[in-house]
Structure formats: C-alpha cells, structure tokens
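Notes for the one structure printed next.
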Amino acid sequence: MTVSEKKYTFPQLERPLLVWDGDCGFCKRCVRTWRRWTKGAIDDCTYQSGGYPKTGPYRPDFQKRIYLFEPNGYIYSGAAAAFRSLQSARLRFLDRWYRSSPRFAALSERAYAFVAKHRSAFSKVF
C-alpha cells in the first residue's frame, strides 16, 4: 500500500482531495467517471493548478501517479489512492480488498504502473 509514513496537517481540507495530471487525456476521462461515482464526496484538482496541500520534504510525482490527500493527514498514491477515493461509492469493497490482500494490492499497483507508463496509448483507446 502506498501511504505516507508521516501524518501531515492539512487544515484547509474539509474533504479528501484527489490530485491528478491535467495534461493526461486518459486521466481526464477517468476523473469525469470518478466524479459521477463519488457524487461530490471528494474534491479534485489538477496538480498544474497548484491547489493541493504542500507537504514539506515529501515531493509527490504527479506525472506518474494520482494522489489522495485526506483531512486526517494521510496521503495515498497510485492504486491505493484510486481505491480509497471510491469509499464513498458502491465500490468500497475494492479498498477493503486492497488493504486485506497483499496479492490484490501488488497486482493492482502493477496494473496501475503499467497503465500510467502507457497512458498516452490508453488515452487513444479509452
């Protein structure tokens, strides 16, 4: 599970915030779907907007992974962020599987890394 080791303070966050790459066509389509599924329970912004919490020495790599900043101070990235962000949707079982099954978590992260590496091709297909 990709989670920050340190708990940060994000006083400006009232709800979780998903940060994604606005230059990625595949990401844009995914976020549109994600917004419908979460029905406003989670905020989102592109990393290019700079509207995300600053985390001191921790430097997220927004061009390779999505990041979920939670008001409680934890940061999730990659597949962990995707599944965690869906807790407000009917897909919360994915987060439970991710947390309880090391095999599912590893497979999810590998699949996420593959898609992220080839996102320009996925942008054309999806």
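For the structure tokens, the naming scheme is as follows: chains receive sequential letters (A, B, ...) according to their order of presentation, residues are indexed from 1 within each chain, and ligands are indexed from 1 in presentation order.
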
List every residue of chain A that DSSP, applied to the backbone of this structure, places in alpha helix (DSSP H), and write the result as a ChimeraX atom specification. /A:25-38,78-85,92-100,102-117,119-125

Any chance you could tabulate, as CSV, the residues of region 51-94 of chain A at most 8 Å from region 110-121 of chain A with each one's nearest atom pair and distance in Å to one decimal, using only C-alpha atoms, in chain and rising number order?
residue,atom,partner,partner_atom,distance
A:Lys64,CA,A:Ala116,CA,6.1
A:Arg65,CA,A:Ala116,CA,7.1
A:Gly78,CA,A:Tyr112,CA,6.5
A:Ala79,CA,A:Tyr112,CA,5.9

If you keep N, CA and C atoms, can you produce a file of those selected residues as a PDB file, in the first residue's frame?
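Saved file out_26.pdb follows:
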ATOM      1  N   LYS A  64       3.288  10.761 -12.632  1.00  0.00           N
ATOM      2  CA  LYS A  64       3.273   9.300 -12.693  1.00  0.00           C
ATOM      3  C   LYS A  64       2.137   8.656 -11.903  1.00  0.00           C
ATOM      4  N   ARG A  65       1.567   9.388 -10.929  1.00  0.00           N
ATOM      5  CA  ARG A  65       0.570   8.780 -10.039  1.00  0.00           C
ATOM      6  C   ARG A  65      -0.444   9.822  -9.604  1.00  0.00           C
ATOM      7  N   GLY A  78      -1.314   6.231  -6.326  1.00  0.00           N
ATOM      8  CA  GLY A  78      -1.492   5.104  -7.226  1.00  0.00           C
ATOM      9  C   GLY A  78      -2.804   4.369  -7.006  1.00  0.00           C
ATOM     10  N   ALA A  79      -2.731   3.037  -7.067  1.00  0.00           N
ATOM     11  CA  ALA A  79      -3.935   2.217  -6.903  1.00  0.00           C
ATOM     12  C   ALA A  79      -4.563   2.430  -5.527  1.00  0.00           C
TER      13      ALA A  79
END

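A straight line drawn from CA of Gln63 (chain A) to CA of Asp23 (chain A) is 8.8 Å long.
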
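Around Arg35 (chain A), within 12 Å and counting only C-alpha atoms, the residues found are Leu17, Leu18, Lys28, Arg29, Ala41, Ile42, Asp43, Asp44, Cys45, Ser85, Leu86, Ser88 and Ala89 of chain A, once anything fewer than 6 positions away on its own chain is removed.
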
Contacts of Phe62 (chain A) at 9 Å or less, counting only C-alpha atoms, minus same-chain residues fewer than 3 places along, as an NGL selection string? :A and (19-21 or 46-47 or 59 or 65-67)

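The residues of chain A that DSSP classifies as strand (DSSP E), using the backbone of this structure, are Leu17, Leu18, Val19, Trp20, Asp43, Asp44, Cys45, Thr46, Tyr67, Leu68, Phe69, Ile75, Tyr76 and Ser77 of chain A.
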
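Distance check against Glu14 (chain A) using only C-alpha atoms: of A:Gly40, A:Glu70, A:Lys54, A:Val31, the minimum falls on A:Glu70.
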
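Minimum atom-to-atom distance to Trp37 (chain A), evaluated using only C-alpha atoms, belongs to A:Arg92 out of A:Ser100, A:Glu109, A:Arg92, A:Val125.
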
What gap, in Å, lies between CA of Phe83 (chain A) and CA of Lys124 (chain A)? 23.8 Å

Between CA of Cys24 (chain A) and CA of Arg103 (chain A), measure the distance and give it in Å to one decimal. 28.4 Å

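The nearest approach to Arg36 (chain A) among the residues A:Gly51, A:Arg90, A:Tyr74, A:Gly22, with only C-alpha atoms taken into account, belongs to A:Arg90.
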